[in-house]
Amino acid sequence: MATPTINQAEELPNGPIAAALVAGGIGSAVIGLMTVLNEASPAISNTLKWVGPVGPLSGKTGVGVIVFFVSWIVLHVIYRGKNVDFARFATIALILLGLGLLGTFPPFFDLFAAG
Amino acid sequence: MSISIREGWTVVHGMLFGAAFLLAFAGGLAGLYSLRPEWVTVEGIKERMFRLKAGLWGMALIAWATVISGTYIVYPWYRAKDPTSPRSILLADPSTAAWHTLGMEWKEHVGWLAPIAATVVAFAVTYYGPTLSKKLGERRALLAFYMISFIAAATAGVFGAFINKVAPIR
């Protein structure tokens, strides 16, 4: 990627950055969601055991990372070359990131522990 | 003077990868925060851009290396079923159980948010280059992501250090 000059600031669309931020938020939120679902359902917990010695942590984080990269690609294709309401996208991204932090906090996800 | 394979990997995961990420944070923060046209000349911004991009991509790669080595190499030793594993030792004593139920359970999950957020920041800085200095909203959003990346990594790192002190992996 060629380095643009400062004078080109207004020419670069912000869509790709908005897409990356939202994808990061989605990936983080999914890790939080998987952590909660793992506690809530023994069946889901079993399906998340992708790597035996690692246990369900492999699936919880694996799903989140895959969703992060896939959503990034999809959103990038949708928003490349476009200008978007950046403040709205950034707010959504930070809320999703916050949900990821909340979902991975033990006193929170323990509230959903089955049995 | 000797060190076991397991202790060696614990050092690589926490003291090399993890500590390098946390140490690099200050440099990246200074670079991102000061990237504003009223503080730095055009030439100054261009000069520091390569350093900032290289540093942020380096941090993102190190963050991925930290969580992957921690989860797939060190963590299986920590959570082994035998009574001598750190997890078993911590849970066997009510006075140390919270190091697992709060500390390890938090660390093993929240640490994964760090490489995701760091990768997004590195991509954005590479995409905009020097023009980021004129994008106030974007710079603020990236600083927020960068700070959260650090907080996630620091939480994981601090608990990792304490847990390895209370119940080390041998």
# chains A, B, ... in the order shown; residues from 1 in each chain; ligands from 1

$ closest_atom_pairs --of "segment 73-124 of chain B" --to "segment 97-115 of chain A" --cutoff "12 Å" --atoms "only C-alpha atoms" --output "CSV"
residue,atom,partner,partner_atom,distance
B:Ala98,CA,A:Pro106,CA,10.5
B:Trp99,CA,A:Pro106,CA,11.6
B:His100,CA,A:Pro106,CA,10.2
B:Thr101,CA,A:Pro106,CA,7.4
B:Leu102,CA,A:Pro106,CA,5.9
B:Gly103,CA,A:Pro106,CA,8.6
B:Met104,CA,A:Pro106,CA,9.4
B:Glu105,CA,A:Pro106,CA,6.3
B:Trp106,CA,A:Phe105,CA,5.6
B:Lys107,CA,A:Thr104,CA,8.7
B:Glu108,CA,A:Thr104,CA,8.8
B:His109,CA,A:Thr104,CA,5.6
B:Val110,CA,A:Thr104,CA,5.7
B:Gly111,CA,A:Thr104,CA,9.4
B:Trp112,CA,A:Thr104,CA,9.7
B:Leu113,CA,A:Gly100,CA,7.6
B:Ala114,CA,A:Leu101,CA,10.6
B:Ile116,CA,A:Leu97,CA,10.0
B:Ala117,CA,A:Leu97,CA,8.7

$ write_last_selection --atoms "C-alpha atoms" --output "PDB file, in the first residue's frame"
ATOM      1  CA  ALA B  98      -9.807 -17.445  43.408  1.00  0.00           C
ATOM      2  CA  TRP B  99      -6.473 -17.300  41.582  1.00  0.00           C
ATOM      3  CA  HIS B 100      -8.092 -19.806  39.230  1.00  0.00           C
ATOM      4  CA  THR B 101     -11.792 -18.948  39.387  1.00  0.00           C
ATOM      5  CA  LEU B 102     -11.184 -15.222  38.901  1.00  0.00           C
ATOM      6  CA  GLY B 103      -7.581 -14.748  37.784  1.00  0.00           C
ATOM      7  CA  MET B 104      -7.007 -17.585  35.331  1.00  0.00           C
ATOM      8  CA  GLU B 105     -10.593 -17.664  34.065  1.00  0.00           C
ATOM      9  CA  TRP B 106     -10.359 -13.938  33.272  1.00  0.00           C
ATOM     10  CA  LYS B 107      -6.844 -14.052  31.868  1.00  0.00           C
ATOM     11  CA  GLU B 108      -7.397 -16.932  29.469  1.00  0.00           C
ATOM     12  CA  HIS B 109     -10.356 -15.173  27.817  1.00  0.00           C
ATOM     13  CA  VAL B 110      -9.674 -11.443  27.926  1.00  0.00           C
ATOM     14  CA  GLY B 111      -6.146 -11.831  26.580  1.00  0.00           C
ATOM     15  CA  TRP B 112      -7.582 -12.779  23.179  1.00  0.00           C
ATOM     16  CA  LEU B 113      -9.109  -9.322  22.761  1.00  0.00           C
ATOM     17  CA  ALA B 114      -5.620  -7.762  22.696  1.00  0.00           C
ATOM     18  CA  ILE B 116      -7.735  -8.402  17.665  1.00  0.00           C
ATOM     19  CA  ALA B 117      -7.744  -4.756  18.754  1.00  0.00           C
TER      20      ALA B 117
END

$ residues_around --residues "Ile45 of chain B" --least-positions-apart "5" --cutoff "9 Å" --atoms "only C-alpha atoms" --output "PDB file with N, CA, C and O atoms, in the first residue's frame"
ATOM      1  N   LEU B  35       0.323  12.315  17.068  1.00  0.00           N
ATOM      2  CA  LEU B  35       0.169  12.392  15.610  1.00  0.00           C
ATOM      3  C   LEU B  35      -0.881  13.450  15.260  1.00  0.00           C
ATOM      4  O   LEU B  35      -1.988  13.130  14.829  1.00  0.00           O
ATOM      5  N   ARG B  36      -0.520  14.690  15.454  1.00  0.00           N
ATOM      6  CA  ARG B  36      -1.459  15.784  15.173  1.00  0.00           C
ATOM      7  C   ARG B  36      -0.695  16.933  14.535  1.00  0.00           C
ATOM      8  O   ARG B  36       0.410  17.273  14.959  1.00  0.00           O
ATOM      9  N   PRO B  37      -1.272  17.522  13.512  1.00  0.00           N
ATOM     10  CA  PRO B  37      -0.557  18.521  12.708  1.00  0.00           C
ATOM     11  C   PRO B  37      -0.140  19.760  13.485  1.00  0.00           C
ATOM     12  O   PRO B  37       0.847  20.403  13.127  1.00  0.00           O
ATOM     13  N   VAL B  40       3.316  18.540  15.289  1.00  0.00           N
ATOM     14  CA  VAL B  40       4.450  17.997  14.544  1.00  0.00           C
ATOM     15  C   VAL B  40       4.400  18.533  13.114  1.00  0.00           C
ATOM     16  O   VAL B  40       3.322  18.683  12.540  1.00  0.00           O
ATOM     17  N   PRO B 130       0.339   9.150   7.003  1.00  0.00           N
ATOM     18  CA  PRO B 130       0.418  10.492   7.596  1.00  0.00           C
ATOM     19  C   PRO B 130      -0.924  11.218   7.628  1.00  0.00           C
ATOM     20  O   PRO B 130      -1.118  12.137   8.421  1.00  0.00           O
ATOM     21  N   SER B 133      -3.130  12.069  10.810  1.00  0.00           N
ATOM     22  CA  SER B 133      -2.948  13.233  11.686  1.00  0.00           C
ATOM     23  C   SER B 133      -4.081  14.245  11.512  1.00  0.00           C
ATOM     24  O   SER B 133      -4.329  15.058  12.404  1.00  0.00           O
TER      25      SER B 133
END

$ residues_around --residues "Pro76 of chain B" --least-positions-apart "4" --cutoff "9 Å" --atoms "only C-alpha atoms" --output "number ranges by chain"
A: 52-55; B: 70-72, 80

$ write_last_selection --atoms "C-alpha atoms" --output "PDB file, in the first residue's frame"
ATOM      1  CA  GLY A  52      -8.542 -31.852  23.576  1.00  0.00           C
ATOM      2  CA  PRO A  53      -5.821 -30.618  25.943  1.00  0.00           C
ATOM      3  CA  VAL A  54      -7.005 -27.004  25.623  1.00  0.00           C
ATOM      4  CA  GLY A  55     -10.676 -27.795  26.217  1.00  0.00           C
TER       5      GLY A  55
ATOM      6  CA  GLY B  70      -0.287 -19.371  26.021  1.00  0.00           C
ATOM      7  CA  THR B  71      -3.440 -21.181  24.955  1.00  0.00           C
ATOM      8  CA  TYR B  72      -1.989 -24.073  22.965  1.00  0.00           C
ATOM      9  CA  ALA B  80      -3.959 -30.962  33.400  1.00  0.00           C
TER      10      ALA B  80
END

$ atom_distance --atom1 "atom CA of Gly27 of chain A" --atom2 "atom CA of Tyr78 of chain B"
25.9 Å

$ residues_around --residues "Ile89 of chain B" --least-positions-apart "2" --cutoff "12 Å" --atoms "only C-alpha atoms" --output "PyMOL selection string"
chain B and resi 78-87+91-100+163-164+166-169

$ residues_around --residues "Asn38 of chain A" --least-positions-apart "6" --cutoff "8 Å" --atoms "only C-alpha atoms" --output "short mmCIF file (atom, residue, chain, number, x, y, z; two decimals) with C-alpha atoms, in the first residue's frame"
data_model
loop_
_atom_site.label_atom_id
_atom_site.label_comp_id
_atom_site.auth_asym_id
_atom_site.auth_seq_id
_atom_site.Cartn_x
_atom_site.Cartn_y
_atom_site.Cartn_z
CA ILE A 44 -22.28 -26.12 23.61
CA SER A 45 -19.27 -26.48 25.88
CA LEU A 48 -16.27 -26.02 21.68
CA PRO A 56 -13.50 -25.42 25.27
CA LYS A 60 -14.50 -20.13 22.30
#

$ closest_residue --among "B:Val42, B:Val12, B:Leu143, B:Leu32" --to "chain A" --atoms "only C-alpha atoms"
B:Val42

$ closest_residue --among "B:Phe17, B:Trp9, B:Ile73, B:Ser4" --to "Val51 of chain A" --atoms "only C-alpha atoms"
B:Ile73

$ atom_distance --atom1 "atom CA of Arg80 of chain A" --atom2 "atom CA of Ile62 of chain B"
27.8 Å

$ decode --residues "segment 32-76 of chain B" --atoms "N, CA and C atoms" --output "tab-separated table (two decimals), in the first residue's frame"
chain	number	residue	atom	x	y	z
B	32	LEU	N	0.92	7.56	18.55
B	32	LEU	CA	-0.47	7.80	18.12
B	32	LEU	C	-1.00	9.12	18.68
B	33	TYR	N	-0.72	9.37	19.98
B	33	TYR	CA	-1.27	10.55	20.63
B	33	TYR	C	-0.70	11.84	20.04
B	34	SER	N	0.57	11.79	19.70
B	34	SER	CA	1.22	13.02	19.21
B	34	SER	C	1.08	13.20	17.71
B	35	LEU	N	0.32	12.32	17.07
B	35	LEU	CA	0.17	12.39	15.61
B	35	LEU	C	-0.88	13.45	15.26
B	36	ARG	N	-0.52	14.69	15.45
B	36	ARG	CA	-1.46	15.78	15.17
B	36	ARG	C	-0.70	16.93	14.54
B	37	PRO	N	-1.27	17.52	13.51
B	37	PRO	CA	-0.56	18.52	12.71
B	37	PRO	C	-0.14	19.76	13.48
B	38	GLU	N	-0.86	20.09	14.58
B	38	GLU	CA	-0.51	21.29	15.33
B	38	GLU	C	0.72	21.07	16.20
B	39	TRP	N	1.13	19.81	16.37
B	39	TRP	CA	2.27	19.52	17.24
B	39	TRP	C	3.52	19.14	16.45
B	40	VAL	N	3.32	18.54	15.29
B	40	VAL	CA	4.45	18.00	14.54
B	40	VAL	C	4.40	18.53	13.11
B	41	THR	N	5.58	18.80	12.56
B	41	THR	CA	5.62	19.27	11.17
B	41	THR	C	5.27	18.14	10.22
B	42	VAL	N	4.95	18.51	8.98
B	42	VAL	CA	4.63	17.51	7.97
B	42	VAL	C	5.79	16.52	7.81
B	43	GLU	N	7.00	17.06	7.77
B	43	GLU	CA	8.17	16.19	7.64
B	43	GLU	C	8.32	15.30	8.86
B	44	GLY	N	8.01	15.87	10.03
B	44	GLY	CA	8.12	15.10	11.27
B	44	GLY	C	7.15	13.94	11.29
B	45	ILE	N	5.92	14.18	10.82
B	45	ILE	CA	4.91	13.11	10.78
B	45	ILE	C	5.33	12.02	9.81
B	46	LYS	N	5.84	12.43	8.65
B	46	LYS	CA	6.27	11.43	7.66
B	46	LYS	C	7.43	10.61	8.21
B	47	GLU	N	8.33	11.27	8.92
B	47	GLU	CA	9.52	10.59	9.45
B	47	GLU	C	9.14	9.51	10.46
B	48	ARG	N	8.15	9.80	11.30
B	48	ARG	CA	7.81	8.85	12.36
B	48	ARG	C	6.82	7.79	11.90
B	49	MET	N	6.26	7.93	10.68
B	49	MET	CA	5.23	7.00	10.22
B	49	MET	C	5.74	5.57	10.10
B	50	PHE	N	6.94	5.41	9.50
B	50	PHE	CA	7.45	4.05	9.32
B	50	PHE	C	7.66	3.38	10.67
B	51	ARG	N	8.22	4.15	11.61
B	51	ARG	CA	8.47	3.60	12.95
B	51	ARG	C	7.16	3.19	13.61
B	52	LEU	N	6.14	4.03	13.45
B	52	LEU	CA	4.86	3.74	14.08
B	52	LEU	C	4.20	2.50	13.46
B	53	LYS	N	4.22	2.43	12.13
B	53	LYS	CA	3.63	1.26	11.46
B	53	LYS	C	4.36	-0.02	11.85
B	54	ALA	N	5.69	0.02	11.79
B	54	ALA	CA	6.48	-1.18	12.14
B	54	ALA	C	6.23	-1.58	13.58
B	55	GLY	N	6.17	-0.59	14.46
B	55	GLY	CA	5.95	-0.88	15.87
B	55	GLY	C	4.57	-1.49	16.12
B	56	LEU	N	3.55	-0.94	15.48
B	56	LEU	CA	2.18	-1.44	15.70
B	56	LEU	C	1.98	-2.83	15.11
B	57	TRP	N	2.54	-3.08	13.92
B	57	TRP	CA	2.44	-4.43	13.35
B	57	TRP	C	3.24	-5.41	14.19
B	58	GLY	N	4.39	-4.96	14.69
B	58	GLY	CA	5.19	-5.82	15.58
B	58	GLY	C	4.40	-6.17	16.83
B	59	MET	N	3.72	-5.18	17.40
B	59	MET	CA	2.91	-5.44	18.60
B	59	MET	C	1.77	-6.41	18.30
B	60	ALA	N	1.13	-6.23	17.14
B	60	ALA	CA	0.02	-7.13	16.79
B	60	ALA	C	0.52	-8.57	16.66
B	61	LEU	N	1.66	-8.74	15.97
B	61	LEU	CA	2.21	-10.09	15.80
B	61	LEU	C	2.60	-10.70	17.14
B	62	ILE	N	3.21	-9.89	18.00
B	62	ILE	CA	3.61	-10.39	19.32
B	62	ILE	C	2.38	-10.76	20.14
B	63	ALA	N	1.31	-9.95	20.01
B	63	ALA	CA	0.09	-10.26	20.76
B	63	ALA	C	-0.50	-11.60	20.31
B	64	TRP	N	-0.51	-11.85	18.99
B	64	TRP	CA	-0.99	-13.15	18.49
B	64	TRP	C	-0.10	-14.27	19.01
B	65	ALA	N	1.22	-14.07	18.96
B	65	ALA	CA	2.15	-15.10	19.44
B	65	ALA	C	1.93	-15.38	20.92
B	66	THR	N	1.62	-14.33	21.68
B	66	THR	CA	1.41	-14.50	23.12
B	66	THR	C	0.18	-15.37	23.41
B	67	VAL	N	-0.95	-15.03	22.78
B	67	VAL	CA	-2.17	-15.79	23.09
B	67	VAL	C	-2.12	-17.21	22.52
B	68	ILE	N	-1.50	-17.38	21.36
B	68	ILE	CA	-1.44	-18.72	20.77
B	68	ILE	C	-0.51	-19.62	21.59
B	69	SER	N	0.67	-19.10	21.96
B	69	SER	CA	1.59	-19.91	22.77
B	69	SER	C	0.99	-20.18	24.15
B	70	GLY	N	0.31	-19.18	24.70
B	70	GLY	CA	-0.29	-19.37	26.02
B	70	GLY	C	-1.40	-20.39	26.00
B	71	THR	N	-2.27	-20.30	25.00
B	71	THR	CA	-3.44	-21.18	24.95
B	71	THR	C	-3.07	-22.61	24.54
B	72	TYR	N	-2.22	-22.74	23.54
B	72	TYR	CA	-1.99	-24.07	22.96
B	72	TYR	C	-0.73	-24.78	23.48
B	73	ILE	N	0.14	-24.07	24.17
B	73	ILE	CA	1.35	-24.73	24.71
B	73	ILE	C	1.33	-24.74	26.23
B	74	VAL	N	1.16	-23.58	26.85
B	74	VAL	CA	1.28	-23.49	28.32
B	74	VAL	C	0.00	-23.91	29.03
B	75	TYR	N	-1.13	-23.48	28.52
B	75	TYR	CA	-2.42	-23.72	29.20
B	75	TYR	C	-2.73	-25.21	29.42
B	76	PRO	N	-2.46	-26.10	28.45
B	76	PRO	CA	-2.72	-27.52	28.72
B	76	PRO	C	-1.95	-28.06	29.93
